[in-house]
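Below is query_5.cif, which holds mmCIF, C-alpha atoms and all ligand atoms.
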data_structure
#
loop_
_atom_site.label_atom_id
_atom_site.label_comp_id
_atom_site.auth_asym_id
_atom_site.auth_seq_id
_atom_site.Cartn_x
_atom_site.Cartn_y
_atom_site.Cartn_z
CA MET Z 211 100.58 104.58 106.81
CA LYS Z 212 99.80 108.16 107.63
CA ILE Z 213 97.64 111.03 106.57
CA GLU Z 214 99.16 114.46 106.76
CA LEU Z 215 97.13 116.80 108.93
CA LYS Z 216 97.10 120.10 107.11
CA ARG Z 217 95.72 122.57 109.58
CA THR Z 218 94.94 125.27 107.09
CA SER Z 219 91.96 127.54 107.39
CA GLU Z 220 91.02 126.69 103.80
CA ASP Z 221 88.92 123.66 103.03
CA PHE Z 222 90.37 121.30 100.46
CA SER Z 223 89.97 117.92 98.89
CA GLN Z 224 92.76 115.63 97.83
CA LYS Z 225 93.34 112.12 96.60
CA LEU Z 226 95.94 109.95 98.25
CA ASN Z 227 97.53 106.80 96.95
CA LEU Z 228 99.52 105.04 99.62
CA LYS Z 229 101.47 101.82 99.51
CA GLU Z 230 102.76 99.86 102.45
CA ASN Z 231 104.69 96.74 103.12
CA PRO Z 232 102.51 94.13 104.91
CA GLU Z 233 105.26 93.63 107.50
CA THR Z 234 104.97 97.23 108.60
CA LEU Z 235 101.30 96.67 109.36
CA GLY Z 236 102.09 93.57 111.40
CA LEU Z 237 99.90 91.44 109.14
CA GLU Z 238 102.37 88.72 108.29
CA ALA Z 239 102.46 87.83 111.95
CA GLU Z 240 98.82 86.74 111.57
CA GLY Z 241 99.92 83.97 109.21
CA ILE Z 242 98.71 85.71 106.06
CA ILE Z 243 100.99 85.45 103.02
CA PHE Z 244 100.88 88.57 100.91
CA GLU Z 245 101.48 88.65 97.18
CA GLU Z 246 101.56 92.40 96.83
CA PRO Z 247 102.08 95.52 98.90
CA ILE Z 248 98.99 96.94 100.56
CA GLU Z 249 97.48 99.80 98.58
CA VAL Z 250 95.23 102.47 99.97
CA GLU Z 251 93.28 104.91 97.82
CA LEU Z 252 91.75 107.64 99.87
CA SER Z 253 89.93 110.83 99.15
CA VAL Z 254 90.46 113.30 101.97
CA THR Z 255 88.16 116.28 102.23
CA LYS Z 256 88.72 118.96 104.81
CA SER Z 257 85.50 120.59 105.86
CA GLN Z 258 85.88 123.06 108.70
CA ASP Z 259 87.52 121.11 111.51
CA GLN Z 260 87.07 117.66 110.07
CA LEU Z 261 88.93 115.52 107.60
CA ILE Z 262 86.41 113.26 105.90
CA CYS Z 263 88.25 110.24 104.55
CA ARG Z 264 86.74 107.74 102.15
CA GLY Z 265 88.34 105.12 100.01
CA ARG Z 266 89.50 101.59 100.04
CA VAL Z 267 92.35 99.26 100.80
CA LYS Z 268 93.31 96.46 98.45
CA THR Z 269 95.87 93.74 98.17
CA SER Z 270 96.25 90.10 97.20
CA VAL Z 271 97.07 87.17 99.46
CA LYS Z 272 97.83 83.50 99.08
CA MET Z 273 95.12 81.26 100.52
CA GLU Z 274 94.33 77.59 100.62
CA CYS Z 275 91.02 76.57 99.03
CA SER Z 276 88.74 75.02 101.67
CA ARG Z 277 87.40 72.49 99.14
CA CYS Z 278 90.38 71.31 97.07
CA LEU Z 279 93.21 72.51 99.35
CA ALA Z 280 95.04 74.15 96.42
CA GLU Z 281 96.85 77.42 96.96
CA TYR Z 282 95.40 80.33 95.05
CA ASP Z 283 95.60 84.11 94.92
CA GLN Z 284 92.75 85.84 96.69
CA GLY Z 285 92.19 89.51 95.94
CA LEU Z 286 91.09 91.50 98.99
CA SER Z 287 89.38 94.84 99.08
CA ALA Z 288 87.74 96.76 101.92
CA HIS Z 289 86.12 100.15 102.27
CA LEU Z 290 87.67 102.77 104.47
CA ASP Z 291 85.37 105.41 105.83
CA PHE Z 292 86.36 107.59 108.75
CA VAL Z 293 86.53 111.14 110.06
CA VAL Z 294 89.44 112.83 111.78
CA ASP Z 295 88.44 115.67 114.06
CA LEU Z 296 90.99 118.49 114.12
CA THR Z 297 89.43 120.65 116.84
CA GLY Z 298 91.64 119.27 119.56
CA ASN Z 299 88.65 118.97 121.87
CA VAL Z 300 87.68 115.40 122.53
CA ASP Z 301 83.92 115.12 122.56
CA GLU Z 302 83.03 112.10 124.71
CA MET Z 303 79.85 111.33 122.78
CA ARG Z 304 81.55 111.36 119.39
CA SER Z 305 84.57 109.38 120.53
CA GLU Z 306 82.18 106.46 121.06
CA GLU Z 307 81.22 106.55 117.38
CA ASP Z 308 82.71 104.06 114.97
CA GLY Z 309 85.14 105.67 112.57
CA TYR Z 310 85.32 109.00 114.37
CA PHE Z 311 88.78 109.91 115.64
CA PHE Z 312 90.34 112.89 117.35
CA ALA Z 313 93.71 114.02 116.07
CA ASP Z 314 96.36 114.81 118.63
CA PRO Z 315 96.59 118.64 118.38
CA THR Z 316 100.39 118.53 118.48
CA SER Z 317 100.84 115.97 115.75
CA THR Z 318 101.12 116.64 112.04
CA PHE Z 319 100.15 113.12 110.99
CA PHE Z 320 97.30 110.72 111.63
CA GLU Z 321 98.27 107.07 111.71
CA ILE Z 322 95.90 104.73 109.81
CA ASN Z 323 97.73 101.41 110.21
CA ALA Z 324 95.17 100.00 112.65
CA LEU Z 325 92.27 100.91 110.35
CA VAL Z 326 93.95 99.38 107.32
CA ARG Z 327 94.86 96.23 109.26
CA GLU Z 328 91.28 95.83 110.48
CA GLY Z 329 89.90 96.35 106.95
CA ILE Z 330 92.12 93.60 105.58
CA ILE Z 331 91.36 91.13 108.35
CA LEU Z 332 87.61 91.68 107.95
CA SER Z 333 87.84 91.18 104.18
CA LEU Z 334 89.45 87.74 104.48
CA PRO Z 335 86.96 85.08 103.35
CA LEU Z 336 85.79 82.71 106.09
CA LYS Z 337 85.51 79.89 103.59
CA PRO Z 338 88.23 80.44 101.00
CA LEU Z 339 87.41 79.05 97.55
CA CYS Z 340 89.77 78.94 94.53
CA SER Z 341 86.65 79.42 92.40
CA GLU Z 342 82.91 79.51 93.09
CA ASP Z 343 82.42 76.18 91.33
CA CYS Z 344 85.44 74.36 92.73
CA LYS Z 345 84.58 70.65 92.72
CA GLY Z 346 86.79 69.86 95.68
CA LEU Z 347 88.41 66.56 96.57
CA CYS Z 348 86.74 63.15 96.42
CA PRO Z 349 85.98 62.29 100.06
CA ILE Z 350 86.89 58.65 99.42
CA CYS Z 351 90.10 58.63 97.35
CA GLY Z 352 91.20 62.26 97.62
CA THR Z 353 91.34 62.90 93.86
CA ASP Z 354 91.21 66.57 92.95
CA LEU Z 355 87.93 66.56 91.02
CA ASN Z 356 88.88 69.80 89.25
CA LYS Z 357 91.72 67.98 87.53
CA SER Z 358 90.44 64.45 87.01
CA ARG Z 359 87.63 62.04 87.80
CA CYS Z 360 87.60 58.95 89.93
CA SER Z 361 85.33 55.93 89.97
CA CYS Z 362 84.34 56.07 93.63
CA VAL Z 363 80.65 55.56 94.26
CA LYS Z 364 79.39 58.19 96.60
CA GLU Z 365 76.70 57.10 99.03
CA ARG Z 366 73.59 59.19 98.95
CA THR Z 367 72.38 59.99 102.39
CA ASP Z 368 69.11 61.52 101.30
CA PRO Z 369 66.38 59.04 102.42
CA ARG Z 370 64.15 60.05 99.49
CA TRP Z 371 66.66 58.34 97.20
CA ASP Z 372 66.34 55.09 99.10
CA GLN Z 373 62.56 55.19 98.66
CA LEU Z 374 62.98 55.78 94.96
CA LYS Z 375 65.45 52.90 94.67
CA GLY Z 376 62.94 50.66 96.42
CA LEU Z 377 60.22 51.63 93.96
CA LEU Z 378 62.45 50.96 90.99
CA LYS Z 379 63.35 47.51 92.32
CA LYS Z 380 59.67 46.57 92.73
CA LYS Z 381 58.94 47.50 89.13
CA SER Z 382 61.64 45.33 87.60
ZN ZN W 401 89.36 74.71 95.15
ZN ZN W 402 87.34 59.02 94.50
#
Can you present the structure in this file as structure tokens?
Amino acid sequence: MKIELKRTSEDFSQKLNLKENPETLGLEAEGIIFEEPIEVELSVTKSQDQLICRGRVKTSVKMECSRCLAEYDQGLSAHLDFVVDLTGNVDEMRSEEDGYFFADPTSTFFEINALVREGIILSLPLKPLCSEDCKGLCPICGTDLNKSRCSCVKERTDPRWDQLKGLLKKKS
């Protein structure tokens, strides 16, 4: 994915809608299964010698729920926010800044693949869930509790329950 570097003297603002195959971004190699192409919406504003780029990347991937182990579609979305400096002079201080890049003065495009890839990887959930209230699998018999019930008795490990049970026994 690329942004065209229009080196005009005029300032401008434009909207970009880019689509890319996940393979091109090297993301399938990370073991992620994509359902859709990767879409980038970006607003690019040229102000003097800078291109101010803001927008987002979105796509959908197949993931395995960490509770019930079912495969589900997980929508991903990440913000993109960066500046491309067109001056051709690399300022050491600024090059340390996150999201501040210096365009090669001889090139007519700025490559954003690495930024898009990073956005997607950071937006992957650490604990994938098919739904917020997924009931998961029974730890004893393995029944998917979203689909059916089982009759396993789950041991309470909370000691307060044992105390309560003791009290109830005394009463009866
Ligand atoms: Zn689940
Ligand atoms: Zn069970």
Item to check | ligand ZN 401 (chain W) neighbours within 10 Å using all atoms listed in the file, as JSON, numbers by chain | outcome: {"Z": [274, 275, 276, 277, 278, 279, 280, 281, 282, 338, 339, 340, 341, 342, 343, 344, 345, 346, 347, 354, 355, 356]}
Checklist entry - Please, which residues have at least one atom within 9 Å of an atom of ligand ZN 402 (chain W), using only C-alpha atoms and all ligand atoms, listed as a ChimeraX atom specification? => result /Z:347-355,359-364
Export of the given selection (C-alpha atoms) as a PDB file, in the frame of the given file:
ATOM      1  CA  LEU Z 347      88.410  66.560  96.570  1.00  0.00           C
ATOM      2  CA  CYS Z 348      86.740  63.150  96.420  1.00  0.00           C
ATOM      3  CA  PRO Z 349      85.980  62.290 100.060  1.00  0.00           C
ATOM      4  CA  ILE Z 350      86.890  58.650  99.420  1.00  0.00           C
ATOM      5  CA  CYS Z 351      90.100  58.630  97.350  1.00  0.00           C
ATOM      6  CA  GLY Z 352      91.200  62.260  97.620  1.00  0.00           C
ATOM      7  CA  THR Z 353      91.340  62.900  93.860  1.00  0.00           C
ATOM      8  CA  ASP Z 354      91.210  66.570  92.950  1.00  0.00           C
ATOM      9  CA  LEU Z 355      87.930  66.560  91.020  1.00  0.00           C
ATOM     10  CA  ARG Z 359      87.630  62.040  87.800  1.00  0.00           C
ATOM     11  CA  CYS Z 360      87.600  58.950  89.930  1.00  0.00           C
ATOM     12  CA  SER Z 361      85.330  55.930  89.970  1.00  0.00           C
ATOM     13  CA  CYS Z 362      84.340  56.070  93.630  1.00  0.00           C
ATOM     14  CA  VAL Z 363      80.650  55.560  94.260  1.00  0.00           C
ATOM     15  CA  LYS Z 364      79.390  58.190  96.600  1.00  0.00           C
TER      16      LYS Z 364
END
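In this comparison, which uses all atoms listed in the file, the residue of Z:Asp291, Z:Glu307, Z:Glu230, Z:Asp301 approaching Z:Ile262 most closely is Z:Asp291.
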Checklist entry - Using all atoms listed in the file, which residues sit within 7 Å of stretch 238-255 of chain Z once same-chain residues fewer than 5 positions away are excluded, as JSON, numbers by chain? => result {"Z": [222, 223, 224, 225, 226, 227, 228, 229, 230, 231, 232, 233, 261, 262, 263, 264, 265, 266, 267, 268, 269, 270, 271, 272]}
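Using only C-alpha atoms, the shortest contact distance between Z:Ile322 and any of Z:Leu334, Z:Asn299, Z:Phe292, Z:Ser358 is found at Z:Phe292.
Atom CA of Z:Gly285 is positioned 26.9 Å from atom CA of Z:Phe320.
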What's the 12 Å shell around Z:Ser305, counting all atoms listed in the file, without same-chain residues fewer than 6 positions away, as a PDB file with C-alpha atoms, in the frame of the given file?
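Resulting contents of result_25.pdb:
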ATOM      1  CA  VAL Z 293      86.530 111.140 110.060  1.00  0.00           C
ATOM      2  CA  VAL Z 294      89.440 112.830 111.780  1.00  0.00           C
ATOM      3  CA  ASP Z 295      88.440 115.670 114.060  1.00  0.00           C
ATOM      4  CA  ASN Z 299      88.650 118.970 121.870  1.00  0.00           C
ATOM      5  CA  PHE Z 311      88.780 109.910 115.640  1.00  0.00           C
ATOM      6  CA  PHE Z 312      90.340 112.890 117.350  1.00  0.00           C
ATOM      7  CA  ALA Z 313      93.710 114.020 116.070  1.00  0.00           C
TER       8      ALA Z 313
END
